[in-house]
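> See protein-v8.txt below, with compact mmCIF, C-alpha atoms.
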```
# COMPACT_ATOMS: atom_id res chain seq x y z
CA MET A 1 0.00 0.00 0.00
CA ALA A 2 1.31 3.37 -0.92
CA ASN A 3 1.95 5.83 1.86
CA THR A 4 1.86 8.83 -0.45
CA LEU A 5 0.07 9.59 -3.66
CA PRO A 6 -0.37 10.42 -6.38
CA PHE A 7 2.95 10.41 -8.25
CA ASN A 8 3.56 9.66 -11.89
CA SER A 9 4.63 6.15 -12.68
CA ILE A 10 7.91 5.32 -14.45
CA ASP A 11 8.00 1.85 -15.82
CA HIS A 12 4.97 1.08 -13.63
CA ASP A 13 6.80 1.79 -10.40
CA ARG A 14 3.86 3.78 -9.02
CA VAL A 15 0.94 1.40 -9.24
CA TYR A 16 -1.85 2.42 -6.84
CA LYS A 17 -4.45 0.01 -5.44
CA ALA A 18 -8.07 0.68 -4.54
CA GLU A 19 -7.27 0.70 -0.84
CA ASP A 20 -4.69 3.42 -1.53
CA TRP A 21 -7.35 5.67 -2.92
CA ALA A 22 -9.73 4.62 -0.19
CA TRP A 23 -7.52 5.85 2.63
CA TYR A 24 -6.85 8.98 0.63
CA PHE A 25 -10.52 9.88 0.29
CA ALA A 26 -11.22 8.82 3.88
CA THR A 27 -8.92 11.54 5.11
CA PHE A 28 -11.30 14.30 4.14
CA LEU A 29 -14.69 12.51 3.77
CA ALA A 30 -16.38 10.89 6.79
CA ASN A 31 -18.67 7.85 6.64
CA GLY A 32 -22.39 8.45 6.13
CA VAL A 33 -25.02 9.32 3.54
CA PHE A 34 -24.81 12.33 1.27
CA PRO A 35 -27.27 15.09 2.17
CA LYS A 36 -28.40 15.59 -1.39
CA PRO A 37 -31.03 14.69 -2.34
CA SER A 38 -32.64 15.25 1.06
CA ASP A 39 -34.57 11.98 0.77
CA GLY A 40 -31.55 10.09 -0.52
CA LEU A 41 -31.54 6.43 0.67
CA GLN A 42 -34.67 7.07 2.72
CA VAL A 43 -36.64 3.88 3.55
CA ILE A 44 -40.38 4.16 2.89
CA ALA A 45 -43.36 1.81 3.29
CA TYR A 46 -44.65 0.35 0.04
CA ASP A 47 -46.98 -2.68 -0.09
CA GLY A 48 -47.61 -5.34 2.54
CA MET A 49 -44.30 -6.40 4.04
CA GLU A 50 -42.38 -4.67 1.22
CA VAL A 51 -40.39 -1.43 1.72
CA ARG A 52 -38.36 0.63 -0.72
CA VAL A 53 -35.03 2.50 -0.52
CA ASN A 54 -34.90 5.78 -2.46
CA VAL A 55 -32.21 6.80 -4.88
CA GLY A 56 -29.17 8.16 -3.00
CA TYR A 57 -25.50 7.98 -2.11
CA ALA A 58 -23.34 6.88 0.81
CA PHE A 59 -19.66 6.89 1.71
CA ILE A 60 -17.98 4.19 3.83
CA ASN A 61 -14.24 3.93 4.59
CA GLY A 62 -13.23 5.86 1.46
CA THR A 63 -15.57 3.89 -0.80
CA ALA A 64 -18.59 5.47 -2.47
CA PHE A 65 -21.99 3.74 -2.83
CA ARG A 66 -24.76 4.69 -5.26
CA ASN A 67 -28.35 3.42 -5.34
CA PRO A 68 -29.32 4.42 -8.88
CA ALA A 69 -33.03 3.43 -8.65
CA SER A 70 -35.64 2.83 -5.99
CA THR A 71 -34.84 -0.59 -4.57
CA SER A 72 -37.47 -3.00 -3.21
CA ILE A 73 -36.80 -5.01 -0.03
CA LYS A 74 -39.33 -7.52 1.29
CA LEU A 75 -39.22 -8.23 5.00
CA ALA A 76 -39.80 -11.65 6.54
CA THR A 77 -43.33 -12.52 7.69
CA ALA A 78 -44.26 -11.16 11.12
CA GLU A 79 -44.03 -13.43 14.16
CA GLY A 80 -47.28 -14.85 15.52
CA ALA A 81 -46.77 -14.10 19.22
CA GLN A 82 -43.90 -11.58 19.55
CA ASN A 83 -42.59 -8.38 17.99
CA ARG A 84 -39.25 -7.63 16.35
CA ILE A 85 -37.24 -4.75 14.87
CA ASP A 86 -35.63 -5.19 11.45
CA ARG A 87 -32.83 -2.81 10.40
CA ILE A 88 -32.07 -1.71 6.79
CA VAL A 89 -28.34 -1.05 6.33
CA VAL A 90 -25.75 -0.11 3.71
CA ARG A 91 -22.99 -2.72 4.10
CA TRP A 92 -19.35 -2.24 3.09
CA ASP A 93 -18.00 -5.80 2.60
CA LEU A 94 -14.31 -6.18 1.88
CA THR A 95 -14.55 -9.97 1.59
CA VAL A 96 -16.76 -9.69 -1.48
CA ARG A 97 -15.36 -6.31 -2.56
CA ASP A 98 -18.76 -4.68 -2.68
CA THR A 99 -21.08 -2.21 -0.94
CA TYR A 100 -24.81 -3.09 -0.95
CA LEU A 101 -28.17 -2.85 0.83
CA ALA A 102 -29.01 -5.53 3.45
CA VAL A 103 -31.57 -6.41 6.14
CA LEU A 104 -30.63 -7.21 9.74
CA LYS A 105 -33.60 -9.28 10.94
CA GLY A 106 -34.44 -8.59 14.58
CA VAL A 107 -34.85 -11.13 17.37
CA PRO A 108 -38.53 -11.67 18.35
CA SER A 109 -39.28 -10.39 21.83
CA ALA A 110 -41.99 -8.76 23.93
CA LYS A 111 -39.71 -5.68 24.02
CA PRO A 112 -37.58 -6.00 20.90
CA THR A 113 -34.41 -4.04 20.05
CA ALA A 114 -32.62 -3.53 16.76
CA THR A 115 -29.71 -5.80 15.89
CA ALA A 116 -26.29 -4.24 16.54
CA LEU A 117 -24.25 -3.08 13.54
CA THR A 118 -21.12 -4.89 12.42
CA ARG A 119 -18.09 -2.60 12.18
CA ASN A 120 -14.63 -4.14 11.71
CA THR A 121 -11.82 -4.18 9.16
CA GLU A 122 -13.72 -6.47 6.80
CA ARG A 123 -17.35 -5.28 7.22
CA TRP A 124 -18.85 -1.90 8.07
CA GLU A 125 -22.56 -1.08 8.20
CA LEU A 126 -24.58 2.17 8.17
CA ALA A 127 -28.17 1.97 9.50
CA LEU A 128 -30.68 3.68 7.21
CA ALA A 129 -33.84 2.83 9.15
CA ASP A 130 -35.29 0.62 11.90
CA ILE A 131 -38.65 -1.04 11.14
CA TYR A 132 -40.98 -2.19 13.92
CA VAL A 133 -42.64 -5.46 12.88
CA GLY A 134 -45.53 -6.12 15.24
CA LYS A 135 -46.79 -9.61 15.95
CA GLY A 136 -49.24 -10.91 13.39
CA VAL A 137 -49.10 -7.81 11.13
CA THR A 138 -49.44 -8.25 7.37
CA GLY A 139 -48.21 -4.84 6.27
CA ILE A 140 -45.68 -2.14 7.17
CA ARG A 141 -46.88 1.42 7.67
CA THR A 142 -44.92 4.68 7.66
CA ALA A 143 -45.45 4.97 11.44
CA ASN A 144 -43.53 1.70 11.88
CA ILE A 145 -40.34 3.11 10.26
CA THR A 146 -37.73 5.07 12.26
CA ASP A 147 -35.36 7.02 10.00
CA GLN A 148 -31.76 6.63 11.25
CA ARG A 149 -29.91 8.44 8.41
CA PHE A 150 -29.24 11.54 10.52
CA ASN A 151 -28.25 9.59 13.63
CA SER A 152 -24.42 9.83 13.61
CA ALA A 153 -24.23 6.99 16.16
CA VAL A 154 -25.40 4.48 13.54
CA CYS A 155 -25.17 6.45 10.27
CA GLY A 156 -24.92 10.23 9.90
CA ILE A 157 -24.24 12.72 7.08
CA VAL A 158 -21.01 12.72 5.04
CA LYS A 159 -18.81 15.55 6.38
CA GLY A 160 -15.66 17.20 5.14
CA THR A 161 -12.37 17.78 6.97
CA VAL A 162 -13.99 20.74 8.74
CA GLU A 163 -16.70 19.03 10.73
CA GLU A 164 -20.08 20.61 10.30
CA ILE A 165 -23.18 20.23 12.47
CA ASP A 166 -23.28 16.96 14.37
CA ALA A 167 -26.72 15.64 13.47
CA SER A 168 -26.47 12.98 16.17
CA VAL A 169 -27.00 15.65 18.82
CA LEU A 170 -30.18 16.85 17.13
CA THR A 171 -31.31 13.27 16.56
CA LYS A 172 -30.65 12.37 20.19
CA GLN A 173 -32.53 15.45 21.40
CA PHE A 174 -35.44 14.63 19.15
CA ASN A 175 -35.44 10.95 20.22
CA ASP A 176 -35.22 11.93 23.90
CA PHE A 177 -38.08 14.42 23.51
CA PHE A 178 -40.17 11.89 21.62
CA GLU A 179 -39.48 9.23 24.26
CA ILE A 180 -40.35 11.59 27.12
CA TYR A 181 -43.47 12.78 25.34
CA SER A 182 -44.46 9.22 24.47
CA ASN A 183 -43.99 8.12 28.08
CA ALA A 184 -46.04 11.08 29.33
CA VAL A 185 -48.81 10.31 26.87
CA MET A 186 -48.75 6.65 27.82
CA ASP A 187 -48.87 7.55 31.52
CA GLU A 188 -51.85 9.84 30.96
CA PHE A 189 -53.49 7.21 28.82
CA SER A 190 -52.90 4.58 31.52
CA VAL A 191 -54.50 6.84 34.13
CA TYR A 192 -57.42 7.58 31.80
CA LYS A 193 -57.77 3.90 30.95
CA GLN A 194 -57.79 2.94 34.63
CA ALA A 195 -60.37 5.65 35.38
CA MET A 196 -62.55 4.44 32.52
CA GLU A 197 -62.23 0.83 33.68
CA ASN A 198 -63.25 1.87 37.20
CA TYR A 199 -66.15 3.91 35.83
CA LEU A 200 -67.34 1.06 33.63
CA PHE A 201 -66.99 -1.34 36.54
CA THR A 202 -69.11 0.99 38.69
CA ILE A 203 -71.70 1.37 35.93
CA GLU A 204 -71.76 -2.38 35.49
CA GLY A 205 -72.35 -2.84 39.22
CA VAL A 206 -75.17 -0.31 39.24
CA TYR A 207 -76.72 -1.93 36.17
CA ASN A 208 -76.46 -5.41 37.70
CA GLN A 209 -78.06 -4.14 40.91
CA TYR A 210 -80.87 -2.54 38.91
CA VAL A 211 -81.45 -5.73 36.93
CA ALA A 212 -81.42 -7.86 40.09
CA LYS A 213 -83.80 -5.50 41.91
CA THR A 214 -86.13 -5.35 38.91
CA GLU A 215 -86.18 -9.13 38.58
CA ALA A 216 -86.86 -9.47 42.31
CA LEU A 217 -89.75 -6.98 42.10
CA PHE A 218 -91.23 -8.78 39.10
CA THR A 219 -90.94 -12.08 40.95
CA GLN A 220 -92.60 -10.52 44.02
CA TYR A 221 -95.38 -8.97 41.94
CA GLU A 222 -95.95 -12.23 40.10
CA THR A 223 -96.17 -14.16 43.37
CA GLU A 224 -98.54 -11.62 44.94
CA PHE A 225 -100.72 -11.53 41.82
CA THR A 226 -100.87 -15.33 41.73
CA ASP A 227 -101.79 -15.48 45.42
CA ARG A 228 -104.43 -12.77 45.09
CA TYR A 229 -105.86 -14.31 41.94
CA SER A 230 -106.08 -17.69 43.66
CA THR A 231 -107.75 -16.09 46.70
CA PHE A 232 -110.17 -14.18 44.45
CA THR A 233 -110.98 -17.35 42.50
CA ASN A 234 -111.57 -19.31 45.70
CA THR A 235 -113.76 -16.50 47.06
CA LEU A 236 -115.83 -16.45 43.89
CA GLU A 237 -116.24 -20.21 44.08
CA GLU A 238 -117.33 -19.93 47.70
CA TRP A 239 -119.78 -17.16 46.83
CA GLU A 240 -121.13 -19.18 43.93
CA ALA A 241 -121.60 -22.21 46.18
CA GLU A 242 -123.34 -20.10 48.83
CA LEU A 243 -125.59 -18.43 46.25
CA LEU A 244 -126.44 -21.76 44.70
CA LYS A 245 -127.20 -23.16 48.13
CA ALA A 246 -129.36 -20.15 49.05
CA TYR A 247 -131.15 -20.25 45.69
CA THR A 248 -131.79 -23.96 46.03
CA ALA A 249 -133.19 -23.42 49.55
CA PHE A 250 -135.33 -20.51 48.29
CA VAL A 251 -136.73 -22.53 45.38
CA ALA A 252 -137.44 -25.40 47.76
CA SER A 253 -139.21 -23.02 50.19
CA ILE A 254 -141.29 -21.47 47.38
CA THR A 255 -142.18 -24.89 46.04
CA LEU A 256 -143.15 -26.06 49.52
CA PHE A 257 -145.12 -22.86 50.14
CA GLU A 258 -147.00 -23.16 46.83
CA GLY A 259 -147.82 -26.78 47.54
CA GLU A 260 -149.03 -26.06 51.06
CA ALA A 261 -150.95 -22.94 49.99
CA GLU A 262 -152.64 -24.74 47.12
CA ALA A 263 -153.55 -27.68 49.37
CA ASP A 264 -154.95 -25.36 52.05
CA PHE A 265 -156.96 -23.36 49.51
CA ASN A 266 -158.33 -26.46 47.82
CA ALA A 267 -159.38 -27.84 51.20
CA TRP A 268 -161.05 -24.57 52.16
CA PHE A 269 -162.67 -24.14 48.79
CA GLU A 270 -164.07 -27.65 48.96
CA SER A 271 -165.59 -26.83 52.34
CA ILE A 272 -167.50 -23.73 51.12
CA LYS A 273 -168.17 -24.24 47.44
CA GLY A 274 -171.50 -25.99 48.20
CA ARG A 275 -172.71 -22.85 49.97
CA LEU A 276 -171.90 -20.38 47.16
CA GLY A 277 -173.28 -22.02 44.06
CA GLU A 278 -171.86 -23.99 41.23
CA ASP A 279 -169.86 -21.39 39.27
CA VAL A 280 -167.85 -19.10 41.57
CA ALA A 281 -165.27 -18.20 38.94
CA GLY A 282 -168.04 -17.39 36.47
CA ALA A 283 -169.72 -15.04 38.94
CA LEU A 284 -166.46 -13.22 39.58
CA GLU A 285 -165.77 -12.93 35.89
CA LEU A 286 -169.34 -11.60 35.32
CA GLU A 287 -168.89 -8.95 37.99
CA ILE A 288 -165.53 -7.94 36.54
CA GLU A 289 -167.05 -7.64 33.07
CA GLN A 290 -169.93 -5.50 34.44
CA LEU A 291 -167.53 -3.22 36.27
CA THR A 292 -165.34 -2.98 33.18
CA ALA A 293 -168.37 -2.00 31.09
CA ALA A 294 -169.33 0.62 33.63
CA VAL A 295 -165.82 2.02 33.58
CA GLU A 296 -165.85 2.22 29.81
CA ALA A 297 -169.22 4.03 29.90
CA LEU A 298 -167.92 6.49 32.46
CA GLN A 299 -164.75 7.04 30.43
CA GLY A 300 -166.99 8.03 27.52
CA GLN A 301 -168.65 10.62 29.70
CA VAL A 302 -165.26 11.87 30.91
CA GLN A 303 -164.32 12.51 27.30
CA GLU A 304 -167.36 14.81 27.07
CA GLY A 305 -165.97 16.86 29.95
CA THR A 306 -168.15 15.85 32.93
CA GLN A 307 -166.17 16.19 36.13
CA ASP A 308 -168.48 14.21 38.33
CA ILE A 309 -168.49 11.34 35.91
CA ALA A 310 -164.71 11.44 35.83
CA GLN A 311 -164.66 11.18 39.62
CA SER A 312 -167.11 8.28 39.47
CA ILE A 313 -165.01 6.58 36.89
CA SER A 314 -162.01 7.09 39.10
CA ASP A 315 -163.83 5.57 42.06
CA LEU A 316 -165.11 2.65 39.98
CA ASP A 317 -161.67 2.20 38.51
CA LYS A 318 -160.18 1.99 42.00
CA ARG A 319 -162.85 -0.50 42.97
CA LEU A 320 -162.22 -2.57 39.86
CA THR A 321 -158.48 -2.50 40.55
CA SER A 322 -159.11 -3.53 44.13
CA VAL A 323 -161.31 -6.39 42.97
CA GLU A 324 -158.81 -7.52 40.35
CA ASN A 325 -155.99 -7.37 42.86
CA GLY A 326 -157.94 -9.11 45.58
CA TRP A 327 -158.45 -5.85 47.51
CA GLY A 328 -154.69 -5.37 47.90
CA ILE A 329 -154.15 -8.58 49.82
CA ASN A 330 -151.09 -10.74 49.18
CA TYR A 331 -152.64 -14.15 48.79
CA LYS A 332 -149.29 -15.85 48.46
CA HIS A 333 -148.63 -15.46 52.14
CA GLU A 334 -149.84 -18.01 54.67
CA ALA A 335 -151.29 -15.25 56.87
CA VAL A 336 -153.56 -14.10 54.02
CA LEU A 337 -154.85 -17.63 53.62
CA GLY A 338 -155.59 -17.59 57.30
CA LEU A 339 -157.52 -14.31 56.92
CA CYS A 340 -159.50 -15.85 54.08
CA TYR A 341 -160.39 -18.74 56.32
CA LEU A 342 -161.31 -16.43 59.23
CA GLY A 343 -163.31 -14.11 56.94
CA ALA A 344 -165.33 -16.94 55.51
CA ALA A 345 -165.95 -18.38 58.94
CA TYR A 346 -166.89 -14.98 60.33
CA MET A 347 -169.37 -14.31 57.57
CA ALA A 348 -170.88 -17.75 57.95
CA GLU A 349 -171.40 -17.18 61.70
CA GLN A 350 -172.25 -13.46 61.88
CA HIS A 351 -174.27 -12.70 58.74
CA GLU A 352 -177.27 -14.14 57.26
CA ARG A 353 -176.70 -16.31 54.31
CA THR A 354 -177.99 -13.79 51.84
CA GLU A 355 -176.92 -13.33 48.26
CA GLU A 356 -174.63 -10.44 49.24
CA THR A 357 -172.92 -12.55 51.90
CA ALA A 358 -172.35 -15.31 49.43
CA ILE A 359 -170.90 -12.92 46.85
CA LEU A 360 -168.47 -11.42 49.36
CA GLY A 361 -167.34 -14.88 50.47
CA VAL A 362 -166.92 -15.93 46.88
CA ALA A 363 -164.97 -12.70 46.20
CA TYR A 364 -162.51 -13.48 49.01
CA ALA A 365 -162.14 -17.06 47.96
CA GLY A 366 -161.96 -16.26 44.24
CA ASN A 367 -159.34 -13.57 44.60
CA SER A 368 -157.25 -15.84 46.79
CA TYR A 369 -157.53 -18.59 44.22
CA LEU A 370 -156.71 -16.28 41.32
CA ALA A 371 -153.74 -14.80 43.15
CA ASN A 372 -152.29 -18.25 43.70
CA ASN A 373 -153.03 -19.75 40.31
CA LEU A 374 -153.08 -16.97 37.67
```
Would you mind writing the file out in structure tokens?

Amino acid sequence: MANTLPFNSIDHDRVYKAEDWAWYFATFLANGVFPKPSDGLQVIAYDGMEVRVNVGYAFINGTAFRNPASTSIKLATAEGAQNRIDRIVVRWDLTVRDTYLAVLKGVPSAKPTATALTRNTERWELALADIYVGKGVTGIRTANITDQRFNSAVCGIVKGTVEEIDASVLTKQFNDFFEIYSNAVMDEFSVYKQAMENYLFTIEGVYNQYVAKTEALFTQYETEFTDRYSTFTNTLEEWEAELLKAYTAFVASITLFEGEAEADFNAWFESIKGRLGEDVAGALELEIEQLTAAVEALQGQVQEGTQDIAQSISDLDKRLTSVENGWGINYKHEAVLGLCYLGAAYMAEQHERTEETAILGVAYAGNSYLANNL
């Protein structure tokens, strides 16, 4: 390896190797990516598990690297139960005499970290981006990609012999701020989440108590309704039985009364019918017809405006009503039958057996008979 260069060659005595030029350029150009274009070698999400590296340039150990077109890199399928972080790098590889893009697949873990870079005399790597591959995901999003091009600890910007701004400081400040902010947000979210869980738990308890109380009330109401309905049904059945019993007793009493009354009247009538003539009912009917005719005649006179006749008609009408109704006596009662008996006996003993006495006796007996049979 030449210790000084370049000098003209005489008879090929100054033959320079690639490593000679490499150390030469390395003296005034530091490792990193070139700042132009600004998105040079930037890693972006593309489709599914595929990402792409933009056109750009890098410089490693005096050797230049160019990515002339957008390059596609497909990451391995996500793990089923754990997360990992894959790292996209530009690798300087002396063993194969090449500089190229490569993927450092991360180790699956609940809290994954990016794989460390290899940096020795035969291999040197610059990290372009770290990609968070969550468990079970089927696609990479922009939010999953952390750009490391400006982080001088793992990559950085190509600088000249006069060192310019150290981007690692800005990157570290930004990463620290983002980490602090993220932790603060996560802490607030954890507090909010816990408060919401407590609130939902309280609401759930209140709801469960309401449901239990409502169900208990419905059960109570159903039981009370069933009991009251059963009591009401039993009461109605008892009332129905009592009414039926009372009605049966009443019908029996009426039947007995009618039988006894009819027997008593028939016996009495048999005892007096020889004294009054052969056709008692006919005589009563004849008298009623005569009275009715008289009433009709008087009603005709009333229509002509005679007040006295109207009064007479009224009196005759009352008499007729009294005769038809048996003079207002309730012949269905046993006491009335007794009065009929006493009246007939009294007239037989106290009055002469004239036609008028016979008619009055027949009237009593006939009205009693009619009241019990018509």
> Would you list the contacts of Lys135 (chain A) as a short mmCIF file (atom, residue, chain, number, x, y, z; two decimals) with C-alpha atoms, keeping the file's coordinate frame, taking every protein, DNA or RNA residue within 6 Å and counting all atoms listed in the file, but skipping same-chain residues closer than 4 positions in sequence?

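In the end it all went to part-v1.cif:
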```
data_model
loop_
_atom_site.label_atom_id
_atom_site.label_comp_id
_atom_site.auth_asym_id
_atom_site.auth_seq_id
_atom_site.Cartn_x
_atom_site.Cartn_y
_atom_site.Cartn_z
CA ALA A 78 -44.26 -11.16 11.12
CA GLU A 79 -44.03 -13.43 14.16
CA GLY A 80 -47.28 -14.85 15.52
CA ALA A 81 -46.77 -14.10 19.22
CA GLN A 82 -43.90 -11.58 19.55
CA ASN A 83 -42.59 -8.38 17.99
#
```
> When you look at region 53-60 of chain A with a cut-off of 8 Å (counting all atoms listed in the file), what residues show up, excluding the ones that are within fewer than 2 positions of it in the same chain? I need them as a VMD selection string.
chain A and resid 29 to 34 36 to 37 39 to 44 51 62 to 73 90 92 124 158
> How far is it from CA of Asn61 (chain A) to CA of Asp13 (chain A), in Å with one decimal?
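Rounded to one decimal, the two atoms are 25.9 Å apart.
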> So that I can see what lies close to region 111-114 of chain A, please list as a list in words the residues with an atom at most 7 Å from it, counting all atoms listed in the file and leaving out residues fewer than 6 positions away in the same chain.
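In the requested format, the answer is Asn83, Arg84, Ile85, Asp86, Arg87 and Asp130 of chain A.
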> Every residue with an atom at most 7 Å from (-47.5, -8.6, 7.9) (file coordinates; all atoms listed in the file) is what I'm after, so could you write them as a list in words?
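Those residues, ordered by chain and then number, are Gly48, Met49, Thr77, Ala78, Gly136, Val137, Thr138, Gly139 and Ile140 of chain A.
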> CA of Met186 (chain A) and CA of Ser109 (chain A), how far apart in Å?
20.4 Å
> Rounded to one decimal in Å, what is the spacing between CA of Val107 (chain A) and CA of Asp47 (chain A)?
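That distance, rounded to one decimal, is 22.9 Å.
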> Of the candidates A:Ala76, A:Trp239, A:Thr231, A:Glu125, which one gets nearest to Leu94 (chain A) if we count all atoms listed in the file?
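That would be A:Glu125, the residue with the smallest distance to Leu94 (chain A).
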